[in-house]
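One structure is given here, and the rest of the page talks about it.
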Amino acid sequence: DGQHQHPQHEQQRRRHHGSLSQHFPPIQYGRFEKGHHRQCHDGQTGSVLASWASRTRKCCSMRTLKKRLPVITWIPKTTLETVVCDLIAGLSVGLTVIPHAFAFAGLAGLPVQYGLYSAFVGCFVYFIFGSIAEVTIGPTATQAMITANFVTNRGLPPQIAVTLCFMSGCFTFIAGLLNLGLFMKFVSVPITSAFTTAVAINIAFSQIKAILGFKFQASGFIMCVRKICENLYKTQLWNTVLGVSCIIFLSTFRFLKPISEPNPADSATRRRLRRALWFACNGSNAVSVILSATLAYLFYSNGIQPFPITGDMPAGIPSVSIPTFSYVDSEGKTHDFLDVLGTIGAGVFVVPILAVLENMSIAKAFAKGKAMDATQEMLAIGISNILGSFVSSMPVTGTFSRTAINASSGVKSPSGGLLTGSIVLFSLAFLTPCFKYIPVATLGAVVICAVIFVVDIPTIIAIWKCKKSDLLPYTATFCGCLFLEMHWGIIFGLIAQVILLLMEYTNPRIRFQKVMLGKMNGKLAAKVAANVAAVKEAVDENGGIALDYLEATLRKNA
């Protein structure tokens, strides 16, 4: 109790108490009181009820409502300037989302109209539930690739992709309600970068068949490369010329985009030219599709068919209907919901997990240093997929390319998605007869140019320079996603990450920094010496272990 301490020890303790308390907060020890157990038992029911009442009040508070409905927070701040910026951004994204929708539907092995059906619901949902102004929700190359792996490549009809969208939305929404977004923090940057790079390479190779004019089904990177090599003699010349020309066209505008950025020192004429070039760069996908479709129309009107086109698609806005949970195969056999689940398998969990992973990566990149609400993003994705499934949507999530266009357009709030969704609805209502002439090679070029620039080379260089051990989870994720399936790559990467953490935890490395006290000023040297003495005394009193090595090192270099 401190009443029989030696006077010398008491004097030393008081001398160093000031410096010690700055670094080591006092430890408070509780005492077990008589009758404490009985009091806890008697008040257990009341504590539970009080806890539930507190949680209920918190969930029903205005603060929670603003957190879960961000539109309430930002819409009162809307001004004429922000409306103009959002309209420009919505128009820019709208010109990009239509060719992307066609291209990603083809990547998923679905009819092209499913891409447009997937492109407008997420825009309206994110207007209400979105927490980051730049993010846009819609069909992506990654979700299309996963849908092809679990639906099209397994012989399931297109309506099962809609069912998968509904189940993915339910899984993501429930995970958001349970606040499981916290677990996304365990997915490290090497895993995310490797996943993105491997998926981009896989998607790019899968679209080479559209550029060269091949028709085959392939699941996986290795099978795709083998099929391409086997069909090289079937290369269609004019289809290849059109596809390569579109790639060159889109890549050129991609590299011209930095030039289109405004410069305060420019004259009025130069500013207008830069602005026109900026619109051309952001709308390059739409321009390439319009020019290619016009060229195809001229050829087909004269009876010449140099390259395949998408063909007819149903006109009009899709009707609202409940997703189907069964289907009838070509032999007339009916498959119920259990058969569908058995065929899809792990896709029920893989699709939403990868959707959340992709959206979180995009949200972190565009959060501008602000704290990101992972739970709110999961709720937005879940609601987008659930509502989208009622209008025949395939699985959707945040998209990097259109989010980047949104950000570069100067968007101020999620209201830009209203114009984007309206453009898609207008196209479905009035422009579907024109879409039949879009060449397949052009859509393949759009996909390749959308994903090839996502390959994350700078992160590999940074890992090599900073921490080479992180190459283990990176390599495991990259190889698993590229040569096996995407979900196996994520699993292998997480296992490798856990192994690294366990190795670092069980074998910690302690490094002593040599400090030259003689080269410090008087106050800093005295502070360092006092801190060393305080730490040494604290360790001596609590455990009898002296930091002799640290003290000797400091004195040696003093």
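Residues are named by chain letter and number: chains run A, B, ... in the order of the structure tokens, numbers start at 1 in each chain, and ligands are numbered from 1 in the order shown.
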Practice task
Using backbone DSSP assignments, extract all alpha helix (DSSP H) residues from region 241-400 of chain A; output them as an MDAnalysis selection string.
Solution key: chainID A and resid 241:256 268:282 284:301 337:344 347:366 374:388 400
Practice task
Would you kindly return, as a VMD selection string, each protein, DNA or RNA residue with an atom no farther than 8 Å from any atom of Thr235 (chain A), considering only C-alpha atoms and excluding same-chain residues fewer than 3 positions away?
Solution key: chain A and resid 212 to 214 231 to 232 240
Exercise for the section: Have a look at A:Phe102, A:Tyr297, A:Phe400, A:Phe216 and name the one nearest to Gly115 (chain A); count only C-alpha atoms. Expected result: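 Closest to Gly115 (chain A), using only C-alpha atoms: A:Phe102.
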Problem - Interatomic distance, CA of Ser427 (chain A) to CA of Ala101 (chain A) (Å, one decimal) - result: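 Result for CA of Ser427 (chain A) versus CA of Ala101 (chain A): 11.8 Å, one decimal.
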If you take only C-alpha atoms and a cut-off of 12 Å, which residues of region 355-443 of chain A touch region 203-209 of chain A, and what are their nearest atom pairs and distances in Å to one decimal, in chain and number order, as a Markdown table?
```
| residue | atom | partner | partner_atom | distance |
| --- | --- | --- | --- | --- |
| A:Val440 | CA | A:Gln207 | CA | 9.9 |
| A:Ala441 | CA | A:Gln207 | CA | 8.7 |
| A:Thr442 | CA | A:Gln207 | CA | 10.5 |
| A:Leu443 | CA | A:Gln207 | CA | 8.9 |
```
What's around Val340 (chain A) at 12 Å? Count only C-alpha atoms, leave out sequence neighbours fewer than 6 positions away in its own chain, and write the answer as a PDB file with all heavy atoms, in the first residue's frame.
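Heads up, here's the output in part.pdb:
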```pdb
ATOM      1  N   PHE A 150     -20.459 -17.918 -63.588  1.00  0.00           N
ATOM      2  CA  PHE A 150     -21.422 -18.654 -62.770  1.00  0.00           C
ATOM      3  C   PHE A 150     -22.776 -18.862 -63.437  1.00  0.00           C
ATOM      4  O   PHE A 150     -23.583 -19.646 -62.924  1.00  0.00           O
ATOM      5  CB  PHE A 150     -21.631 -17.932 -61.430  1.00  0.00           C
ATOM      6  CG  PHE A 150     -20.467 -18.033 -60.504  1.00  0.00           C
ATOM      7  CD1 PHE A 150     -19.632 -16.947 -60.296  1.00  0.00           C
ATOM      8  CD2 PHE A 150     -20.193 -19.217 -59.842  1.00  0.00           C
ATOM      9  CE1 PHE A 150     -18.547 -17.048 -59.439  1.00  0.00           C
ATOM     10  CE2 PHE A 150     -19.109 -19.323 -58.986  1.00  0.00           C
ATOM     11  CZ  PHE A 150     -18.288 -18.232 -58.785  1.00  0.00           C
ATOM     12  N   VAL A 151     -23.033 -18.189 -64.546  1.00  0.00           N
ATOM     13  CA  VAL A 151     -24.342 -18.327 -65.207  1.00  0.00           C
ATOM     14  C   VAL A 151     -24.181 -18.828 -66.635  1.00  0.00           C
ATOM     15  O   VAL A 151     -24.556 -19.960 -66.958  1.00  0.00           O
ATOM     16  CB  VAL A 151     -25.114 -16.979 -65.175  1.00  0.00           C
ATOM     17  CG1 VAL A 151     -26.448 -17.117 -65.912  1.00  0.00           C
ATOM     18  CG2 VAL A 151     -25.369 -16.550 -63.742  1.00  0.00           C
ATOM     19  N   ARG A 154     -22.158 -21.990 -67.408  1.00  0.00           N
ATOM     20  CA  ARG A 154     -22.720 -23.199 -66.807  1.00  0.00           C
ATOM     21  C   ARG A 154     -24.048 -23.595 -67.441  1.00  0.00           C
ATOM     22  O   ARG A 154     -24.778 -24.427 -66.899  1.00  0.00           O
ATOM     23  CB  ARG A 154     -22.885 -23.003 -65.300  1.00  0.00           C
ATOM     24  CG  ARG A 154     -21.574 -22.679 -64.610  1.00  0.00           C
ATOM     25  CD  ARG A 154     -21.663 -22.703 -63.108  1.00  0.00           C
ATOM     26  NE  ARG A 154     -20.372 -22.387 -62.503  1.00  0.00           N
ATOM     27  CZ  ARG A 154     -20.086 -22.522 -61.223  1.00  0.00           C
ATOM     28  NH1 ARG A 154     -21.015 -22.967 -60.395  1.00  0.00           N
ATOM     29  NH2 ARG A 154     -18.886 -22.216 -60.755  1.00  0.00           N
ATOM     30  N   GLY A 155     -24.352 -22.982 -68.586  1.00  0.00           N
ATOM     31  CA  GLY A 155     -25.537 -23.367 -69.336  1.00  0.00           C
ATOM     32  C   GLY A 155     -26.842 -22.840 -68.789  1.00  0.00           C
ATOM     33  O   GLY A 155     -27.911 -23.342 -69.174  1.00  0.00           O
ATOM     34  N   LEU A 156     -26.808 -21.832 -67.938  1.00  0.00           N
ATOM     35  CA  LEU A 156     -28.033 -21.278 -67.370  1.00  0.00           C
ATOM     36  C   LEU A 156     -28.576 -20.172 -68.277  1.00  0.00           C
ATOM     37  O   LEU A 156     -27.810 -19.454 -68.916  1.00  0.00           O
ATOM     38  CB  LEU A 156     -27.773 -20.725 -65.968  1.00  0.00           C
ATOM     39  CG  LEU A 156     -27.357 -21.764 -64.911  1.00  0.00           C
ATOM     40  CD1 LEU A 156     -26.984 -21.071 -63.611  1.00  0.00           C
ATOM     41  CD2 LEU A 156     -28.475 -22.768 -64.678  1.00  0.00           C
ATOM     42  N   PRO A 157     -29.887 -20.001 -68.341  1.00  0.00           N
ATOM     43  CA  PRO A 157     -30.483 -18.964 -69.209  1.00  0.00           C
ATOM     44  C   PRO A 157     -30.242 -17.566 -68.647  1.00  0.00           C
ATOM     45  O   PRO A 157     -29.899 -17.402 -67.463  1.00  0.00           O
ATOM     46  CB  PRO A 157     -31.973 -19.329 -69.209  1.00  0.00           C
ATOM     47  CG  PRO A 157     -32.182 -20.060 -67.931  1.00  0.00           C
ATOM     48  CD  PRO A 157     -30.914 -20.810 -67.670  1.00  0.00           C
ATOM     49  N   GLN A 159     -32.204 -15.233 -67.622  1.00  0.00           N
ATOM     50  CA  GLN A 159     -32.996 -14.776 -66.474  1.00  0.00           C
ATOM     51  C   GLN A 159     -32.400 -15.206 -65.142  1.00  0.00           C
ATOM     52  O   GLN A 159     -32.716 -14.606 -64.100  1.00  0.00           O
ATOM     53  CB  GLN A 159     -34.448 -15.277 -66.582  1.00  0.00           C
ATOM     54  CG  GLN A 159     -34.607 -16.778 -66.622  1.00  0.00           C
ATOM     55  CD  GLN A 159     -34.729 -17.286 -68.036  1.00  0.00           C
ATOM     56  OE1 GLN A 159     -34.188 -16.672 -68.968  1.00  0.00           O
ATOM     57  NE2 GLN A 159     -35.449 -18.379 -68.206  1.00  0.00           N
ATOM     58  N   ILE A 160     -31.533 -16.218 -65.146  1.00  0.00           N
ATOM     59  CA  ILE A 160     -30.879 -16.619 -63.899  1.00  0.00           C
ATOM     60  C   ILE A 160     -29.837 -15.577 -63.486  1.00  0.00           C
ATOM     61  O   ILE A 160     -29.521 -15.438 -62.308  1.00  0.00           O
ATOM     62  CB  ILE A 160     -30.255 -18.006 -64.045  1.00  0.00           C
ATOM     63  CG1 ILE A 160     -31.336 -19.024 -64.407  1.00  0.00           C
ATOM     64  CG2 ILE A 160     -29.570 -18.444 -62.768  1.00  0.00           C
ATOM     65  CD1 ILE A 160     -32.473 -19.089 -63.412  1.00  0.00           C
ATOM     66  N   ALA A 161     -29.307 -14.814 -64.448  1.00  0.00           N
ATOM     67  CA  ALA A 161     -28.418 -13.699 -64.091  1.00  0.00           C
ATOM     68  C   ALA A 161     -29.184 -12.650 -63.288  1.00  0.00           C
ATOM     69  O   ALA A 161     -28.638 -12.026 -62.371  1.00  0.00           O
ATOM     70  CB  ALA A 161     -27.826 -13.080 -65.350  1.00  0.00           C
ATOM     71  N   THR A 163     -31.760 -13.428 -61.354  1.00  0.00           N
ATOM     72  CA  THR A 163     -31.915 -14.064 -60.040  1.00  0.00           C
ATOM     73  C   THR A 163     -30.646 -13.908 -59.207  1.00  0.00           C
ATOM     74  O   THR A 163     -30.715 -13.633 -58.001  1.00  0.00           O
ATOM     75  CB  THR A 163     -32.244 -15.562 -60.214  1.00  0.00           C
ATOM     76  OG1 THR A 163     -33.383 -15.698 -61.076  1.00  0.00           O
ATOM     77  CG2 THR A 163     -32.544 -16.212 -58.875  1.00  0.00           C
ATOM     78  N   LEU A 164     -29.493 -14.082 -59.848  1.00  0.00           N
ATOM     79  CA  LEU A 164     -28.223 -13.898 -59.150  1.00  0.00           C
ATOM     80  C   LEU A 164     -28.077 -12.459 -58.671  1.00  0.00           C
ATOM     81  O   LEU A 164     -27.544 -12.211 -57.574  1.00  0.00           O
ATOM     82  CB  LEU A 164     -27.070 -14.267 -60.075  1.00  0.00           C
ATOM     83  CG  LEU A 164     -25.660 -14.149 -59.496  1.00  0.00           C
ATOM     84  CD1 LEU A 164     -25.491 -15.055 -58.280  1.00  0.00           C
ATOM     85  CD2 LEU A 164     -24.611 -14.493 -60.553  1.00  0.00           C
ATOM     86  N   MET A 167     -30.200 -12.212 -55.446  1.00  0.00           N
ATOM     87  CA  MET A 167     -29.565 -12.873 -54.299  1.00  0.00           C
ATOM     88  C   MET A 167     -28.323 -12.110 -53.854  1.00  0.00           C
ATOM     89  O   MET A 167     -28.052 -11.999 -52.653  1.00  0.00           O
ATOM     90  CB  MET A 167     -29.222 -14.318 -54.666  1.00  0.00           C
ATOM     91  CG  MET A 167     -30.440 -15.206 -54.873  1.00  0.00           C
ATOM     92  SD  MET A 167     -30.039 -16.963 -55.081  1.00  0.00           S
ATOM     93  CE  MET A 167     -29.232 -16.920 -56.687  1.00  0.00           C
ATOM     94  N   THR A 324     -37.357 -14.562 -61.520  1.00  0.00           N
ATOM     95  CA  THR A 324     -37.727 -15.978 -61.549  1.00  0.00           C
ATOM     96  C   THR A 324     -36.683 -16.801 -60.809  1.00  0.00           C
ATOM     97  O   THR A 324     -35.479 -16.541 -60.922  1.00  0.00           O
ATOM     98  CB  THR A 324     -37.842 -16.472 -62.991  1.00  0.00           C
ATOM     99  OG1 THR A 324     -36.580 -16.272 -63.655  1.00  0.00           O
ATOM    100  CG2 THR A 324     -38.923 -15.710 -63.746  1.00  0.00           C
ATOM    101  N   PHE A 325     -37.147 -17.788 -60.077  1.00  0.00           N
ATOM    102  CA  PHE A 325     -36.244 -18.654 -59.317  1.00  0.00           C
ATOM    103  C   PHE A 325     -36.234 -20.082 -59.858  1.00  0.00           C
ATOM    104  O   PHE A 325     -35.764 -21.000 -59.192  1.00  0.00           O
ATOM    105  CB  PHE A 325     -36.648 -18.655 -57.840  1.00  0.00           C
ATOM    106  CG  PHE A 325     -36.509 -17.309 -57.183  1.00  0.00           C
ATOM    107  CD1 PHE A 325     -37.586 -16.446 -57.108  1.00  0.00           C
ATOM    108  CD2 PHE A 325     -35.294 -16.885 -56.692  1.00  0.00           C
ATOM    109  CE1 PHE A 325     -37.467 -15.203 -56.515  1.00  0.00           C
ATOM    110  CE2 PHE A 325     -35.158 -15.646 -56.099  1.00  0.00           C
ATOM    111  CZ  PHE A 325     -36.244 -14.798 -56.016  1.00  0.00           C
ATOM    112  N   SER A 326     -36.749 -20.246 -61.047  1.00  0.00           N
ATOM    113  CA  SER A 326     -36.718 -21.553 -61.726  1.00  0.00           C
ATOM    114  C   SER A 326     -36.670 -21.297 -63.225  1.00  0.00           C
ATOM    115  O   SER A 326     -36.914 -20.173 -63.687  1.00  0.00           O
ATOM    116  CB  SER A 326     -37.952 -22.384 -61.361  1.00  0.00           C
ATOM    117  OG  SER A 326     -39.138 -21.733 -61.774  1.00  0.00           O
ATOM    118  N   TYR A 327     -36.376 -22.323 -63.995  1.00  0.00           N
ATOM    119  CA  TYR A 327     -36.310 -22.175 -65.444  1.00  0.00           C
ATOM    120  C   TYR A 327     -36.572 -23.518 -66.107  1.00  0.00           C
ATOM    121  O   TYR A 327     -36.499 -24.578 -65.467  1.00  0.00           O
ATOM    122  CB  TYR A 327     -34.955 -21.622 -65.884  1.00  0.00           C
ATOM    123  CG  TYR A 327     -33.799 -22.591 -65.728  1.00  0.00           C
ATOM    124  CD1 TYR A 327     -33.354 -23.345 -66.804  1.00  0.00           C
ATOM    125  CD2 TYR A 327     -33.159 -22.747 -64.503  1.00  0.00           C
ATOM    126  CE1 TYR A 327     -32.285 -24.230 -66.661  1.00  0.00           C
ATOM    127  CE2 TYR A 327     -32.094 -23.613 -64.353  1.00  0.00           C
ATOM    128  CZ  TYR A 327     -31.669 -24.361 -65.434  1.00  0.00           C
ATOM    129  OH  TYR A 327     -30.630 -25.243 -65.290  1.00  0.00           O
ATOM    130  N   VAL A 328     -36.879 -23.457 -67.378  1.00  0.00           N
ATOM    131  CA  VAL A 328     -37.116 -24.653 -68.184  1.00  0.00           C
ATOM    132  C   VAL A 328     -36.008 -24.740 -69.217  1.00  0.00           C
ATOM    133  O   VAL A 328     -35.770 -23.785 -69.978  1.00  0.00           O
ATOM    134  CB  VAL A 328     -38.498 -24.590 -68.874  1.00  0.00           C
ATOM    135  CG1 VAL A 328     -38.718 -25.844 -69.712  1.00  0.00           C
ATOM    136  CG2 VAL A 328     -39.606 -24.426 -67.841  1.00  0.00           C
ATOM    137  N   ASP A 329     -35.290 -25.857 -69.260  1.00  0.00           N
ATOM    138  CA  ASP A 329     -34.166 -26.000 -70.184  1.00  0.00           C
ATOM    139  C   ASP A 329     -34.656 -26.326 -71.589  1.00  0.00           C
ATOM    140  O   ASP A 329     -35.866 -26.405 -71.858  1.00  0.00           O
ATOM    141  CB  ASP A 329     -33.193 -27.053 -69.667  1.00  0.00           C
ATOM    142  CG  ASP A 329     -33.830 -28.425 -69.508  1.00  0.00           C
ATOM    143  OD1 ASP A 329     -34.917 -28.654 -70.079  1.00  0.00           O
ATOM    144  OD2 ASP A 329     -33.257 -29.276 -68.790  1.00  0.00           O
ATOM    145  N   THR A 334     -38.095 -28.817 -66.107  1.00  0.00           N
ATOM    146  CA  THR A 334     -38.175 -27.684 -65.188  1.00  0.00           C
ATOM    147  C   THR A 334     -37.184 -27.861 -64.048  1.00  0.00           C
ATOM    148  O   THR A 334     -37.119 -28.929 -63.432  1.00  0.00           O
ATOM    149  CB  THR A 334     -39.594 -27.545 -64.620  1.00  0.00           C
ATOM    150  OG1 THR A 334     -40.521 -27.389 -65.699  1.00  0.00           O
ATOM    151  CG2 THR A 334     -39.682 -26.348 -63.693  1.00  0.00           C
ATOM    152  N   ALA A 346     -20.995 -21.475 -55.366  1.00  0.00           N
ATOM    153  CA  ALA A 346     -20.375 -20.418 -54.570  1.00  0.00           C
ATOM    154  C   ALA A 346     -20.626 -19.025 -55.116  1.00  0.00           C
ATOM    155  O   ALA A 346     -20.325 -18.033 -54.447  1.00  0.00           O
ATOM    156  CB  ALA A 346     -18.870 -20.653 -54.474  1.00  0.00           C
ATOM    157  N   GLY A 347     -21.209 -18.932 -56.316  1.00  0.00           N
ATOM    158  CA  GLY A 347     -21.471 -17.623 -56.888  1.00  0.00           C
ATOM    159  C   GLY A 347     -22.403 -16.765 -56.055  1.00  0.00           C
ATOM    160  O   GLY A 347     -22.349 -15.538 -56.117  1.00  0.00           O
ATOM    161  N   VAL A 348     -23.269 -17.409 -55.253  1.00  0.00           N
ATOM    162  CA  VAL A 348     -24.188 -16.667 -54.398  1.00  0.00           C
ATOM    163  C   VAL A 348     -23.421 -15.800 -53.411  1.00  0.00           C
ATOM    164  O   VAL A 348     -23.876 -14.707 -53.036  1.00  0.00           O
ATOM    165  CB  VAL A 348     -25.120 -17.644 -53.658  1.00  0.00           C
ATOM    166  CG1 VAL A 348     -26.049 -16.900 -52.711  1.00  0.00           C
ATOM    167  CG2 VAL A 348     -25.926 -18.462 -54.651  1.00  0.00           C
TER     168      VAL A 348
END
```
Problem - Residue contacts of Asp470 (chain A) (10 Å, only C-alpha atoms) excluding same-chain residues fewer than 5 positions away, as a list in words - result: Ser188, Val189, Pro190, Ile191, Ile460, Ile463, Trp464, Thr475, Ala496, Gln497 and Leu500 of chain A
Exercise for the section: Write out as a PyMOL selection string which residues come within 12 Å of Ser118 (chain A) when counting only C-alpha atoms, dropping same-chain ones fewer than 5 positions away. Expected result: chain A and resi 97-98+100-102+104-105+110-113+123-124+137-140+143-144+161-162+165+317-318+384-397+421+424-425+428
Taking C-alpha atoms for each residue, export the selection above as a PDB file, in the first residue's frame.
```pdb
ATOM      1  CA  VAL A  97     -22.501   4.169 -69.803  1.00  0.00           C
ATOM      2  CA  ILE A  98     -24.482   3.182 -72.922  1.00  0.00           C
ATOM      3  CA  HIS A 100     -20.216   0.204 -71.644  1.00  0.00           C
ATOM      4  CA  ALA A 101     -23.596  -1.408 -70.975  1.00  0.00           C
ATOM      5  CA  PHE A 102     -23.637  -3.077 -74.375  1.00  0.00           C
ATOM      6  CA  PHE A 104     -20.373  -5.615 -70.530  1.00  0.00           C
ATOM      7  CA  ALA A 105     -23.570  -7.474 -71.425  1.00  0.00           C
ATOM      8  CA  LEU A 110     -26.103 -12.008 -72.133  1.00  0.00           C
ATOM      9  CA  PRO A 111     -28.239 -10.234 -74.742  1.00  0.00           C
ATOM     10  CA  VAL A 112     -27.210  -6.605 -75.089  1.00  0.00           C
ATOM     11  CA  GLN A 113     -30.441  -5.229 -73.619  1.00  0.00           C
ATOM     12  CA  CYS A 123     -28.013   5.818 -60.596  1.00  0.00           C
ATOM     13  CA  PHE A 124     -31.348   6.597 -58.955  1.00  0.00           C
ATOM     14  CA  ILE A 137     -23.303   2.336 -59.752  1.00  0.00           C
ATOM     15  CA  GLY A 138     -23.887   0.183 -62.812  1.00  0.00           C
ATOM     16  CA  PRO A 139     -22.615  -2.777 -64.838  1.00  0.00           C
ATOM     17  CA  THR A 140     -18.880  -3.377 -64.635  1.00  0.00           C
ATOM     18  CA  GLN A 143     -19.286  -8.263 -62.413  1.00  0.00           C
ATOM     19  CA  ALA A 144     -19.910  -9.224 -66.034  1.00  0.00           C
ATOM     20  CA  ALA A 161     -28.418 -13.699 -64.091  1.00  0.00           C
ATOM     21  CA  VAL A 162     -31.303 -11.555 -62.845  1.00  0.00           C
ATOM     22  CA  CYS A 165     -28.535 -10.093 -59.041  1.00  0.00           C
ATOM     23  CA  ILE A 317     -38.342   0.328 -71.048  1.00  0.00           C
ATOM     24  CA  PRO A 318     -38.337  -3.061 -69.267  1.00  0.00           C
ATOM     25  CA  SER A 384     -29.370  -1.227 -56.185  1.00  0.00           C
ATOM     26  CA  ASN A 385     -29.156  -4.949 -56.937  1.00  0.00           C
ATOM     27  CA  ILE A 386     -32.447  -5.812 -55.242  1.00  0.00           C
ATOM     28  CA  LEU A 387     -34.449  -3.132 -57.057  1.00  0.00           C
ATOM     29  CA  GLY A 388     -32.526  -3.684 -60.297  1.00  0.00           C
ATOM     30  CA  SER A 389     -33.500  -7.359 -60.367  1.00  0.00           C
ATOM     31  CA  PHE A 390     -37.146  -6.290 -60.782  1.00  0.00           C
ATOM     32  CA  VAL A 391     -36.258  -4.689 -64.147  1.00  0.00           C
ATOM     33  CA  SER A 392     -34.062  -7.585 -65.399  1.00  0.00           C
ATOM     34  CA  SER A 393     -30.698  -6.227 -64.272  1.00  0.00           C
ATOM     35  CA  MET A 394     -27.537  -8.282 -63.957  1.00  0.00           C
ATOM     36  CA  PRO A 395     -25.305  -7.768 -60.870  1.00  0.00           C
ATOM     37  CA  VAL A 396     -23.944  -4.220 -60.539  1.00  0.00           C
ATOM     38  CA  THR A 397     -21.522  -2.314 -58.336  1.00  0.00           C
ATOM     39  CA  GLY A 421     -30.182   7.268 -65.497  1.00  0.00           C
ATOM     40  CA  VAL A 424     -30.360   5.426 -70.344  1.00  0.00           C
ATOM     41  CA  LEU A 425     -34.166   5.403 -70.050  1.00  0.00           C
ATOM     42  CA  LEU A 428     -34.326   2.424 -74.173  1.00  0.00           C
TER      43      LEU A 428
END
```
Fill in the blank from the handout: Among A:Thr78, A:Thr172, A:Asn153, A:Ser131, Val351 (chain A) is approached most closely, using only C-alpha atoms, by A:Thr172
Practice task
Would you list the contacts of region 258-269 of chain A as a ChimeraX atom specification, taking every protein, DNA or RNA residue within 6 Å and counting only C-alpha atoms, but skipping same-chain residues closer than 4 positions in sequence?
Solution key: /A:274,277-278
Would you output that residue set with C-alpha atoms, as a PDB file, in the first residue's frame?
```pdb
ATOM      1  CA  ARG A 274      -9.504  22.681 -74.228  1.00  0.00           C
ATOM      2  CA  LEU A 277     -11.244  18.444 -76.329  1.00  0.00           C
ATOM      3  CA  TRP A 278     -12.323  17.551 -72.786  1.00  0.00           C
TER       4      TRP A 278
END
```
